[in-house]
file my_file.txt (compact mmCIF, C-alpha atoms and all ligand atoms)
# COMPACT_ATOMS: atom_id res chain seq x y z
CA MET A 1 14.89 245.61 133.09
CA LEU A 2 16.93 243.66 130.55
CA ARG A 3 19.79 241.63 131.88
CA PHE A 4 22.83 240.91 129.70
CA ASP A 5 25.26 238.15 130.75
CA LEU A 6 28.43 237.39 128.81
CA ILE A 7 30.67 234.35 129.20
CA SER A 8 34.21 234.51 127.81
CA ILE A 9 37.76 233.36 128.50
CA PHE A 10 38.78 237.02 127.87
CA PRO A 11 36.50 239.03 130.18
CA GLU A 12 38.80 242.08 129.89
CA TYR A 13 38.03 242.12 126.18
CA LEU A 14 34.51 243.19 127.09
CA ALA A 15 35.54 246.28 129.10
CA PRO A 16 34.08 248.73 126.50
CA LEU A 17 30.60 247.64 127.64
CA LYS A 18 31.17 249.76 130.74
CA LEU A 19 31.67 252.96 128.70
CA SER A 20 29.47 255.60 127.10
CA LEU A 21 25.83 254.85 126.35
CA LEU A 22 25.84 251.36 127.86
CA GLY A 23 27.68 252.40 131.01
CA LYS A 24 25.14 255.18 131.52
CA ALA A 25 22.24 252.78 130.93
CA VAL A 26 23.67 250.55 133.68
CA ASP A 27 24.05 253.57 136.01
CA LYS A 28 20.43 254.56 135.31
CA GLY A 29 19.29 251.05 136.26
CA LEU A 30 17.85 250.37 132.79
CA ILE A 31 19.99 247.28 132.12
CA THR A 32 22.55 245.13 133.87
CA ILE A 33 25.68 243.82 132.16
CA ASN A 34 27.41 240.93 133.90
CA ILE A 35 30.71 239.58 132.59
CA HIS A 36 31.74 236.04 133.55
CA ASP A 37 35.08 234.28 133.17
CA LEU A 38 34.57 230.78 131.74
CA ARG A 39 37.74 229.62 133.52
CA ASP A 40 36.04 230.18 136.89
CA GLN A 41 34.19 226.92 136.09
CA THR A 42 37.38 224.85 135.76
CA MET A 43 38.92 222.91 138.64
CA ASP A 44 42.09 221.52 137.04
CA VAL A 45 45.48 223.19 137.54
CA HIS A 46 45.64 224.47 133.97
CA HIS A 47 42.04 225.76 133.95
CA SER A 48 41.59 224.10 130.58
CA VAL A 49 38.51 224.92 128.54
CA ASP A 50 39.35 223.17 125.25
CA ASP A 51 40.26 219.78 123.82
CA THR A 52 41.05 218.13 120.48
CA PRO A 53 38.14 217.66 118.06
CA TYR A 54 36.49 214.24 117.72
CA GLY A 55 36.97 213.14 114.12
CA GLY A 56 40.30 214.94 113.91
CA GLY A 57 41.18 218.19 112.21
CA ALA A 58 42.96 221.39 113.02
CA GLY A 59 42.58 223.47 116.15
CA MET A 60 40.79 222.93 119.42
CA VAL A 61 37.14 222.80 120.43
CA MET A 62 35.75 224.33 123.63
CA SER A 63 34.56 221.65 126.05
CA ALA A 64 30.87 221.48 126.91
CA ALA A 65 31.24 221.08 130.69
CA PRO A 66 32.48 224.56 131.69
CA TRP A 67 29.91 226.17 129.38
CA GLY A 68 27.07 224.16 130.90
CA ASP A 69 28.24 224.97 134.42
CA ALA A 70 28.61 228.70 133.66
CA ILE A 71 25.20 228.95 131.97
CA ASP A 72 23.46 227.00 134.77
CA GLN A 73 25.00 229.27 137.38
CA ILE A 74 23.99 232.50 135.62
CA SER A 75 20.44 231.47 134.71
CA ASN A 76 18.88 231.26 138.13
CA ASP A 77 15.13 231.63 138.58
CA LEU A 78 13.99 233.12 135.29
CA ASP A 79 11.32 231.36 133.27
CA GLN A 80 12.52 232.88 130.00
CA ILE A 81 16.20 232.89 129.08
CA ASP A 82 17.61 233.60 125.63
CA LEU A 83 21.00 232.01 124.97
CA ILE A 84 22.92 233.59 122.11
CA ILE A 85 25.76 231.56 120.68
CA LEU A 86 27.98 233.67 118.43
CA THR A 87 29.12 231.83 115.32
CA PRO A 88 29.82 232.73 111.68
CA ALA A 89 27.34 229.93 110.86
CA GLY A 90 24.46 231.63 112.68
CA LYS A 91 21.47 233.66 111.54
CA LYS A 92 22.54 237.11 110.35
CA PHE A 93 22.02 239.84 112.95
CA ASP A 94 20.05 242.89 111.80
CA GLN A 95 17.93 245.76 113.14
CA ALA A 96 14.81 243.59 113.30
CA MET A 97 16.65 241.01 115.45
CA ALA A 98 17.87 243.81 117.74
CA ALA A 99 14.27 244.96 118.17
CA GLU A 100 13.23 241.37 119.02
CA PHE A 101 15.96 241.06 121.64
CA THR A 102 14.64 244.16 123.47
CA LYS A 103 11.62 242.03 124.46
CA CYS A 104 13.81 239.52 126.34
CA LYS A 105 14.39 239.34 130.11
CA GLN A 106 17.83 237.75 130.21
CA LEU A 107 20.22 237.41 127.29
CA ILE A 108 23.22 235.13 127.84
CA PHE A 109 26.03 235.51 125.28
CA ALA A 110 28.33 232.52 124.84
CA CYS A 111 31.51 234.04 123.40
CA GLY A 112 33.56 231.16 122.01
CA ARG A 113 37.19 231.09 120.92
CA TYR A 114 39.31 228.54 119.03
CA GLU A 115 37.21 226.46 116.59
CA GLY A 116 34.03 227.07 118.59
CA ILE A 117 31.98 225.38 121.29
CA ASP A 118 31.02 221.67 121.48
CA ALA A 119 27.71 221.52 119.58
CA ARG A 120 26.00 219.69 122.46
CA VAL A 121 25.87 222.91 124.52
CA GLY A 122 23.33 224.53 122.18
CA LYS A 123 21.47 221.24 121.86
CA HIS A 124 21.20 220.80 125.64
CA TYR A 125 19.60 224.21 126.19
CA GLU A 126 17.31 223.85 123.15
CA ASN A 127 15.79 220.91 125.00
CA LYS A 128 15.00 223.03 128.07
CA SER A 129 11.56 224.65 128.05
CA ASN A 130 12.74 227.87 129.74
CA PHE A 131 15.53 228.46 127.17
CA LYS A 132 15.51 229.79 123.65
CA VAL A 133 18.80 229.25 121.79
CA HIS A 134 19.88 231.62 119.00
CA GLU A 135 22.94 230.96 116.86
CA VAL A 136 23.84 234.42 115.57
CA SER A 137 26.41 235.87 113.15
CA ILE A 138 27.07 239.61 112.81
CA GLY A 139 28.27 239.26 109.22
CA ASP A 140 30.03 237.15 106.62
CA TYR A 141 33.58 237.33 107.91
CA VAL A 142 35.43 235.28 110.52
CA LEU A 143 36.37 236.84 113.84
CA GLY A 144 38.81 235.38 116.36
CA GLY A 145 36.02 234.89 118.88
CA GLY A 146 32.51 235.90 119.84
CA GLU A 147 33.34 238.87 122.11
CA VAL A 148 33.21 241.65 119.50
CA ALA A 149 30.07 240.16 117.96
CA ALA A 150 28.38 240.11 121.39
CA MET A 151 29.28 243.77 121.94
CA VAL A 152 27.80 244.70 118.56
CA ILE A 153 24.53 242.97 119.42
CA ILE A 154 24.34 244.49 122.91
CA GLU A 155 25.03 248.02 121.67
CA ALA A 156 22.44 247.76 118.89
CA THR A 157 19.85 246.23 121.25
CA ALA A 158 20.31 248.36 124.38
CA ARG A 159 19.98 251.67 122.55
CA LEU A 160 16.46 250.68 121.48
CA LEU A 161 15.31 250.36 125.11
CA PRO A 162 13.25 253.22 126.56
CA GLY A 163 15.45 255.75 128.37
CA VAL A 164 18.80 254.55 127.04
CA LEU A 165 19.12 257.27 124.38
CA GLY A 166 19.16 260.86 125.65
CA ASN A 167 17.03 261.97 122.71
CA PRO A 168 14.54 259.28 121.67
CA GLU A 169 13.57 261.37 118.60
CA SER A 170 16.88 260.38 117.02
CA LEU A 171 15.71 256.74 117.00
CA LYS A 172 12.89 257.58 114.59
CA GLU A 173 15.00 259.37 112.02
CA GLU A 174 18.12 257.29 111.92
CA SER A 175 19.62 254.90 109.45
CA HIS A 176 17.72 251.65 108.98
CA SER A 177 14.68 252.82 110.87
CA ILE A 178 13.07 255.24 108.40
CA ILE A 179 10.27 253.31 106.75
CA SER A 180 9.57 254.20 103.13
CA SER A 181 6.13 254.14 101.55
CA SER A 182 6.89 250.65 100.29
CA ASP A 183 7.73 249.56 103.88
CA ASP A 184 11.39 248.99 103.03
CA LEU A 185 14.08 250.12 105.42
CA LEU A 186 15.87 253.22 104.20
CA VAL A 187 19.37 254.26 105.17
CA GLU A 188 19.88 257.75 106.51
CA TYR A 189 20.06 260.98 104.51
CA PRO A 190 23.37 262.93 104.71
CA ASN A 191 23.78 265.28 107.69
CA TYR A 192 25.40 268.72 107.82
CA THR A 193 26.23 271.20 110.56
CA LYS A 194 27.98 274.59 110.73
CA PRO A 195 29.90 276.12 109.02
CA ALA A 196 27.87 276.52 105.81
CA VAL A 197 31.09 276.30 103.76
CA TRP A 198 33.95 273.99 104.76
CA ARG A 199 37.06 273.65 102.57
CA GLY A 200 35.04 275.02 99.68
CA LEU A 201 32.23 272.50 100.14
CA GLU A 202 28.76 274.00 100.60
CA VAL A 203 25.80 272.67 102.54
CA PRO A 204 22.90 271.89 100.13
CA GLU A 205 20.91 275.10 99.78
CA VAL A 206 17.53 273.53 100.62
CA LEU A 207 18.76 272.85 104.17
CA LEU A 208 19.36 276.59 104.70
CA SER A 209 15.96 277.55 103.25
CA GLY A 210 13.86 277.05 106.38
CA ASN A 211 11.22 275.35 104.19
CA HIS A 212 10.48 272.25 106.25
CA GLY A 213 8.30 270.64 103.61
CA GLN A 214 11.04 270.98 101.01
CA ILE A 215 13.66 269.74 103.51
CA ALA A 216 11.65 266.63 104.36
CA LYS A 217 11.14 265.90 100.65
CA TRP A 218 14.86 266.36 99.88
CA ARG A 219 15.90 264.10 102.78
CA LYS A 220 13.51 261.35 101.70
CA GLU A 221 14.87 261.49 98.14
CA GLN A 222 18.44 261.35 99.42
CA ALA A 223 17.63 258.38 101.68
CA GLU A 224 15.98 256.54 98.79
CA ARG A 225 18.89 257.27 96.45
CA ARG A 226 21.42 256.03 99.00
CA THR A 227 19.35 252.91 99.68
CA ASP A 228 19.23 252.14 95.94
CA GLN A 229 23.01 252.64 95.69
CA LEU A 230 23.65 250.14 98.49
CA GLY A 231 22.77 247.20 96.31
CA LYS A 232 24.99 248.36 93.45
CA GLU A 233 28.53 248.31 94.86
C1 LIG B 301 35.18 230.60 117.93
C2 LIG B 301 33.86 232.45 117.34
C3 LIG B 301 32.63 233.05 117.54
C4 LIG B 301 34.58 232.72 116.19
C5 LIG B 301 32.24 235.01 114.41
C6 LIG B 301 30.97 235.53 114.33
C7 LIG B 301 30.93 236.22 113.12
N1 LIG B 301 29.92 236.88 112.55
N2 LIG B 301 32.11 236.10 112.54
N3 LIG B 301 32.91 235.38 113.32
C8 LIG B 301 32.82 234.15 115.44
C9 LIG B 301 32.11 233.89 116.60
C10 LIG B 301 34.05 233.57 115.22
O1 LIG B 301 34.32 231.60 118.31
call {"tool": "encode", "arguments": {"input": "my_file.txt", "output": "structure tokens", "more": "lines below"}}
Ligand code: 6SD
result
Amino acid sequence: MLRFDLISIFPEYLAPLKLSLLGKAVDKGLITINIHDLRDQTMDVHHSVDDTPYGGGAGMVMSAAPWGDAIDQISNDLDQIDLIILTPAGKKFDQAMAAEFTKCKQLIFACGRYEGIDARVGKHYENKSNFKVHEVSIGDYVLGGGEVAAMVIIEATARLLPGVLGNPESLKEESHSIISSSDDLLVEYPNYTKPAVWRGLEVPEVLLSGNHGQIAKWRKEQAERRTDQLGKE
């Protein structure tokens, strides 16, 4: 059972995690998703979580103390905790990283806001033997905070867990998981369903042929062509 914990000053932002595939996975007891409000760790009247940056500069930095308190509280008795700090400066998330995360017991997502989290938070947990710290980016663009990035990672990771997808066969055939002869990841071939003609556009004839060998060959060619095209835009 994989446990996901998220810490944010906007817990309502993470409500989509309760829907669809992930909500069902929680209902089936395959995962837990626990959402924590960082401000619950603050004792001052304004529940402040940020302060001005040492060295000057624009914006505010999230203070280390509430993060440390929240993470300590969530990470109880486990001997193996993976702390994911979302940042545009992190290692790029991909399908291979999602597959690695499925092997974890507890994943804690630190969803920052403002200019980010005091760098000592990551450093502190790196020095703890029961923690592994991952600074992760979902792509080369700047978001307003880590919440959406955390949801991307959780959705991509949870659906790889046994029992989460209704039809596990679809995992084998999908985009980024078909392995070509050269061991490269291929993107998916194009899909079609009824009707055979829609707005004058026909379904490729081979797919109507019933010749499964020909269909498999055509799909592989299409996947390879699309994969080649990816690098050229
Ligand atoms: C301040 C954050 C946390 C701001 C982010 C991650 C990616 N790939 N783009 N932007 C991000 C994460 C931005 O907190």
call {"tool": "residues_near_ligand", "arguments": {"input": "my_file.txt", "ligand": "ligand LIG 301 (chain B)", "cutoff": "10 Å", "atoms": "only C-alpha atoms and all ligand atoms", "output": "PyMOL selection string"}}
result
chain A and resi 8+60-62+85-93+110-117+135-150
call {"tool": "write_last_selection", "arguments": {"input": "my_file.txt", "atoms": "C-alpha atoms", "output": "PDB file, in the coordinates of the input"}}
result
ATOM      1  CA  SER A   8      34.210 234.510 127.810  1.00  0.00           C
ATOM      2  CA  MET A  60      40.790 222.930 119.420  1.00  0.00           C
ATOM      3  CA  VAL A  61      37.140 222.800 120.430  1.00  0.00           C
ATOM      4  CA  MET A  62      35.750 224.330 123.630  1.00  0.00           C
ATOM      5  CA  ILE A  85      25.760 231.560 120.680  1.00  0.00           C
ATOM      6  CA  LEU A  86      27.980 233.670 118.430  1.00  0.00           C
ATOM      7  CA  THR A  87      29.120 231.830 115.320  1.00  0.00           C
ATOM      8  CA  PRO A  88      29.820 232.730 111.680  1.00  0.00           C
ATOM      9  CA  ALA A  89      27.340 229.930 110.860  1.00  0.00           C
ATOM     10  CA  GLY A  90      24.460 231.630 112.680  1.00  0.00           C
ATOM     11  CA  LYS A  91      21.470 233.660 111.540  1.00  0.00           C
ATOM     12  CA  LYS A  92      22.540 237.110 110.350  1.00  0.00           C
ATOM     13  CA  PHE A  93      22.020 239.840 112.950  1.00  0.00           C
ATOM     14  CA  ALA A 110      28.330 232.520 124.840  1.00  0.00           C
ATOM     15  CA  CYS A 111      31.510 234.040 123.400  1.00  0.00           C
ATOM     16  CA  GLY A 112      33.560 231.160 122.010  1.00  0.00           C
ATOM     17  CA  ARG A 113      37.190 231.090 120.920  1.00  0.00           C
ATOM     18  CA  TYR A 114      39.310 228.540 119.030  1.00  0.00           C
ATOM     19  CA  GLU A 115      37.210 226.460 116.590  1.00  0.00           C
ATOM     20  CA  GLY A 116      34.030 227.070 118.590  1.00  0.00           C
ATOM     21  CA  ILE A 117      31.980 225.380 121.290  1.00  0.00           C
ATOM     22  CA  GLU A 135      22.940 230.960 116.860  1.00  0.00           C
ATOM     23  CA  VAL A 136      23.840 234.420 115.570  1.00  0.00           C
ATOM     24  CA  SER A 137      26.410 235.870 113.150  1.00  0.00           C
ATOM     25  CA  ILE A 138      27.070 239.610 112.810  1.00  0.00           C
ATOM     26  CA  GLY A 139      28.270 239.260 109.220  1.00  0.00           C
ATOM     27  CA  ASP A 140      30.030 237.150 106.620  1.00  0.00           C
ATOM     28  CA  TYR A 141      33.580 237.330 107.910  1.00  0.00           C
ATOM     29  CA  VAL A 142      35.430 235.280 110.520  1.00  0.00           C
ATOM     30  CA  LEU A 143      36.370 236.840 113.840  1.00  0.00           C
ATOM     31  CA  GLY A 144      38.810 235.380 116.360  1.00  0.00           C
ATOM     32  CA  GLY A 145      36.020 234.890 118.880  1.00  0.00           C
ATOM     33  CA  GLY A 146      32.510 235.900 119.840  1.00  0.00           C
ATOM     34  CA  GLU A 147      33.340 238.870 122.110  1.00  0.00           C
ATOM     35  CA  VAL A 148      33.210 241.650 119.500  1.00  0.00           C
ATOM     36  CA  ALA A 149      30.070 240.160 117.960  1.00  0.00           C
ATOM     37  CA  ALA A 150      28.380 240.110 121.390  1.00  0.00           C
TER      38      ALA A 150
END
call {"tool": "atom_distance", "arguments": {"input": "my_file.txt", "atom1": "atom CA of Ala119 of chain A", "atom2": "atom CA of Trp67 of chain A"}}
result
11.1 Å
call {"tool": "residues_around", "arguments": {"input": "my_file.txt", "residues": "Ala25 of chain A", "least_positions_apart": "2", "cutoff": "9 Å", "atoms": "all atoms listed in the file", "output": "number ranges by chain"}}
result
A: 20-23, 27-32, 158-159, 163-165
call {"tool": "residues_around", "arguments": {"input": "my_file.txt", "residues": "Thr227 of chain A", "least_positions_apart": "3", "cutoff": "8 Å", "atoms": "all atoms listed in the file", "output": "PyMOL selection string"}}
result
chain A and resi 186-187+223-224+230-231
call {"tool": "atom_distance", "arguments": {"input": "my_file.txt", "atom1": "atom CA of Lys128 of chain A", "atom2": "atom CA of Asn34 of chain A"}}
result
22.5 Å
call {"tool": "atom_distance", "arguments": {"input": "my_file.txt", "atom1": "atom CA of Ser129 of chain A", "atom2": "atom CA of Ala99 of chain A"}}
result
22.7 Å
call {"tool": "closest_residue", "arguments": {"input": "my_file.txt", "among": "A:Val49, A:Ala58, A:Ile35, A:Ile81", "to": "Lys132 of chain A", "atoms": "all atoms listed in the file"}}
result
A:Ile81
call {"tool": "residues_around", "arguments": {"input": "my_file.txt", "residues": "segment 41-47 of chain A", "least_positions_apart": "3", "cutoff": "12 Å", "atoms": "all atoms listed in the file", "output": "list in words"}}
result
Ile7, Ser8, Ile9, His36, Asp37, Leu38, Asp50, Asp51, Ser63, Ala64, Ala65, Pro66, Trp67, Gly68, Asp69, Ala70, Ile71, Asp72, Gln73 and Ile74 of chain A
call {"tool": "closest_residue", "arguments": {"input": "my_file.txt", "among": "A:Phe131, A:Trp198, A:Tyr189, A:Phe4", "to": "Thr102 of chain A", "atoms": "all atoms listed in the file"}}
result
A:Phe4
call {"tool": "residues_around", "arguments": {"input": "my_file.txt", "residues": "Glu202 of chain A", "least_positions_apart": "6", "cutoff": "10 Å", "atoms": "only C-alpha atoms", "output": "compact mmCIF listing (two decimals) with C-alpha atoms, keeping the file's coordinate frame"}}
result
# COMPACT_ATOMS: atom_id res chain seq x y z
CA TYR A 192 25.40 268.72 107.82
CA PRO A 195 29.90 276.12 109.02
CA ALA A 196 27.87 276.52 105.81
call {"tool": "closest_residue", "arguments": {"input": "my_file.txt", "among": "A:Pro204, A:Gly59, A:Pro11, A:Pro53", "to": "Arg39 of chain A", "atoms": "all atoms listed in the file"}}
result
A:Pro11
call {"tool": "residues_around", "arguments": {"input": "my_file.txt", "residues": "Ala96 of chain A", "least_positions_apart": "4", "cutoff": "12 Å", "atoms": "all atoms listed in the file", "output": "ChimeraX atom specification"}}
result
/A:92,100-103,153,156-157,160,176-177,185
call {"tool": "closest_residue", "arguments": {"input": "my_file.txt", "among": "A:Leu14, A:Gln106, A:Glu188, A:Gln214", "to": "Ser170 of chain A", "atoms": "only C-alpha atoms"}}
result
A:Glu188
call {"tool": "closest_residue", "arguments": {"input": "my_file.txt", "among": "A:Pro162, A:Pro190, A:Pro168, A:Gly213", "to": "Met1 of chain A", "atoms": "all atoms listed in the file"}}
result
A:Pro162
call {"tool": "decode", "arguments": {"input": "my_file.txt", "residues": "segment 207-218 of chain A", "atoms": "all heavy atoms", "output": "PDB file, in the first residue's frame"}}
result
ATOM      1  N   LEU A 207      -7.104  -1.470 -40.424  1.00  0.00           N
ATOM      2  CA  LEU A 207      -7.730  -1.710 -39.120  1.00  0.00           C
ATOM      3  C   LEU A 207      -9.082  -2.422 -39.248  1.00  0.00           C
ATOM      4  O   LEU A 207      -9.582  -2.992 -38.275  1.00  0.00           O
ATOM      5  CB  LEU A 207      -7.908  -0.384 -38.351  1.00  0.00           C
ATOM      6  CG  LEU A 207      -6.605   0.368 -38.032  1.00  0.00           C
ATOM      7  CD1 LEU A 207      -6.898   1.681 -37.317  1.00  0.00           C
ATOM      8  CD2 LEU A 207      -5.668  -0.496 -37.178  1.00  0.00           C
ATOM      9  N   LEU A 208      -9.657  -2.373 -40.458  1.00  0.00           N
ATOM     10  CA  LEU A 208     -10.944  -3.040 -40.699  1.00  0.00           C
ATOM     11  C   LEU A 208     -10.736  -4.432 -41.296  1.00  0.00           C
ATOM     12  O   LEU A 208     -11.694  -5.180 -41.508  1.00  0.00           O
ATOM     13  CB  LEU A 208     -11.806  -2.200 -41.660  1.00  0.00           C
ATOM     14  CG  LEU A 208     -11.966  -0.715 -41.318  1.00  0.00           C
ATOM     15  CD1 LEU A 208     -12.744   0.011 -42.418  1.00  0.00           C
ATOM     16  CD2 LEU A 208     -12.658  -0.536 -39.981  1.00  0.00           C
ATOM     17  N   SER A 209      -9.485  -4.788 -41.563  1.00  0.00           N
ATOM     18  CA  SER A 209      -9.170  -6.003 -42.322  1.00  0.00           C
ATOM     19  C   SER A 209      -9.310  -7.288 -41.503  1.00  0.00           C
ATOM     20  O   SER A 209      -9.483  -8.361 -42.072  1.00  0.00           O
ATOM     21  CB  SER A 209      -7.726  -5.926 -42.848  1.00  0.00           C
ATOM     22  OG  SER A 209      -6.817  -6.020 -41.754  1.00  0.00           O
ATOM     23  N   GLY A 210      -9.180  -7.166 -40.192  1.00  0.00           N
ATOM     24  CA  GLY A 210      -9.198  -8.365 -39.344  1.00  0.00           C
ATOM     25  C   GLY A 210      -7.884  -9.134 -39.379  1.00  0.00           C
ATOM     26  O   GLY A 210      -7.748 -10.165 -38.730  1.00  0.00           O
ATOM     27  N   ASN A 211      -6.893  -8.626 -40.102  1.00  0.00           N
ATOM     28  CA  ASN A 211      -5.576  -9.278 -40.193  1.00  0.00           C
ATOM     29  C   ASN A 211      -4.684  -8.757 -39.059  1.00  0.00           C
ATOM     30  O   ASN A 211      -4.086  -7.685 -39.156  1.00  0.00           O
ATOM     31  CB  ASN A 211      -4.969  -8.978 -41.567  1.00  0.00           C
ATOM     32  CG  ASN A 211      -3.644  -9.696 -41.771  1.00  0.00           C
ATOM     33  OD1 ASN A 211      -2.913  -9.981 -40.815  1.00  0.00           O
ATOM     34  ND2 ASN A 211      -3.325  -9.991 -43.029  1.00  0.00           N
ATOM     35  N   HIS A 212      -4.601  -9.527 -37.991  1.00  0.00           N
ATOM     36  CA  HIS A 212      -3.950  -9.022 -36.769  1.00  0.00           C
ATOM     37  C   HIS A 212      -2.456  -8.822 -36.929  1.00  0.00           C
ATOM     38  O   HIS A 212      -1.873  -7.927 -36.327  1.00  0.00           O
ATOM     39  CB  HIS A 212      -4.289  -9.936 -35.590  1.00  0.00           C
ATOM     40  CG  HIS A 212      -5.764  -9.921 -35.292  1.00  0.00           C
ATOM     41  ND1 HIS A 212      -6.392  -8.807 -34.777  1.00  0.00           N
ATOM     42  CD2 HIS A 212      -6.739 -10.839 -35.515  1.00  0.00           C
ATOM     43  CE1 HIS A 212      -7.689  -9.061 -34.678  1.00  0.00           C
ATOM     44  NE2 HIS A 212      -7.936 -10.279 -35.120  1.00  0.00           N
ATOM     45  N   GLY A 213      -1.849  -9.640 -37.771  1.00  0.00           N
ATOM     46  CA  GLY A 213      -0.428  -9.462 -38.059  1.00  0.00           C
ATOM     47  C   GLY A 213      -0.181  -8.139 -38.770  1.00  0.00           C
ATOM     48  O   GLY A 213       0.716  -7.363 -38.382  1.00  0.00           O
ATOM     49  N   GLN A 214      -0.990  -7.867 -39.782  1.00  0.00           N
ATOM     50  CA  GLN A 214      -0.872  -6.612 -40.531  1.00  0.00           C
ATOM     51  C   GLN A 214      -1.161  -5.411 -39.629  1.00  0.00           C
ATOM     52  O   GLN A 214      -0.497  -4.371 -39.722  1.00  0.00           O
ATOM     53  CB  GLN A 214      -1.859  -6.595 -41.714  1.00  0.00           C
ATOM     54  CG  GLN A 214      -1.415  -7.413 -42.905  1.00  0.00           C
ATOM     55  CD  GLN A 214      -0.176  -6.796 -43.563  1.00  0.00           C
ATOM     56  OE1 GLN A 214       0.930  -7.310 -43.394  1.00  0.00           O
ATOM     57  NE2 GLN A 214      -0.355  -5.688 -44.264  1.00  0.00           N
ATOM     58  N   ILE A 215      -2.167  -5.556 -38.752  1.00  0.00           N
ATOM     59  CA  ILE A 215      -2.548  -4.462 -37.844  1.00  0.00           C
ATOM     60  C   ILE A 215      -1.390  -4.141 -36.885  1.00  0.00           C
ATOM     61  O   ILE A 215      -1.019  -2.980 -36.708  1.00  0.00           O
ATOM     62  CB  ILE A 215      -3.840  -4.811 -37.072  1.00  0.00           C
ATOM     63  CG1 ILE A 215      -5.032  -4.826 -38.046  1.00  0.00           C
ATOM     64  CG2 ILE A 215      -4.074  -3.821 -35.936  1.00  0.00           C
ATOM     65  CD1 ILE A 215      -6.321  -5.402 -37.460  1.00  0.00           C
ATOM     66  N   ALA A 216      -0.796  -5.179 -36.328  1.00  0.00           N
ATOM     67  CA  ALA A 216       0.318  -4.978 -35.389  1.00  0.00           C
ATOM     68  C   ALA A 216       1.486  -4.278 -36.093  1.00  0.00           C
ATOM     69  O   ALA A 216       2.105  -3.367 -35.533  1.00  0.00           O
ATOM     70  CB  ALA A 216       0.755  -6.314 -34.794  1.00  0.00           C
ATOM     71  N   LYS A 217       1.758  -4.696 -37.331  1.00  0.00           N
ATOM     72  CA  LYS A 217       2.852  -4.119 -38.111  1.00  0.00           C
ATOM     73  C   LYS A 217       2.572  -2.634 -38.391  1.00  0.00           C
ATOM     74  O   LYS A 217       3.440  -1.773 -38.209  1.00  0.00           O
ATOM     75  CB  LYS A 217       2.987  -4.897 -39.426  1.00  0.00           C
ATOM     76  CG  LYS A 217       4.087  -4.436 -40.357  1.00  0.00           C
ATOM     77  CD  LYS A 217       4.329  -5.494 -41.443  1.00  0.00           C
ATOM     78  CE  LYS A 217       5.176  -4.962 -42.587  1.00  0.00           C
ATOM     79  NZ  LYS A 217       4.413  -4.129 -43.545  1.00  0.00           N
ATOM     80  N   TRP A 218       1.340  -2.351 -38.817  1.00  0.00           N
ATOM     81  CA  TRP A 218       0.942  -0.970 -39.131  1.00  0.00           C
ATOM     82  C   TRP A 218       1.058  -0.089 -37.883  1.00  0.00           C
ATOM     83  O   TRP A 218       1.586   1.021 -37.952  1.00  0.00           O
ATOM     84  CB  TRP A 218      -0.494  -0.952 -39.664  1.00  0.00           C
ATOM     85  CG  TRP A 218      -0.995   0.428 -40.000  1.00  0.00           C
ATOM     86  CD1 TRP A 218      -0.824   1.085 -41.186  1.00  0.00           C
ATOM     87  CD2 TRP A 218      -1.744   1.308 -39.154  1.00  0.00           C
ATOM     88  NE1 TRP A 218      -1.421   2.326 -41.122  1.00  0.00           N
ATOM     89  CE2 TRP A 218      -1.993   2.485 -39.890  1.00  0.00           C
ATOM     90  CE3 TRP A 218      -2.236   1.215 -37.852  1.00  0.00           C
ATOM     91  CZ2 TRP A 218      -2.703   3.573 -39.368  1.00  0.00           C
ATOM     92  CZ3 TRP A 218      -2.945   2.276 -37.327  1.00  0.00           C
ATOM     93  CH2 TRP A 218      -3.170   3.449 -38.081  1.00  0.00           C
TER      94      TRP A 218
END
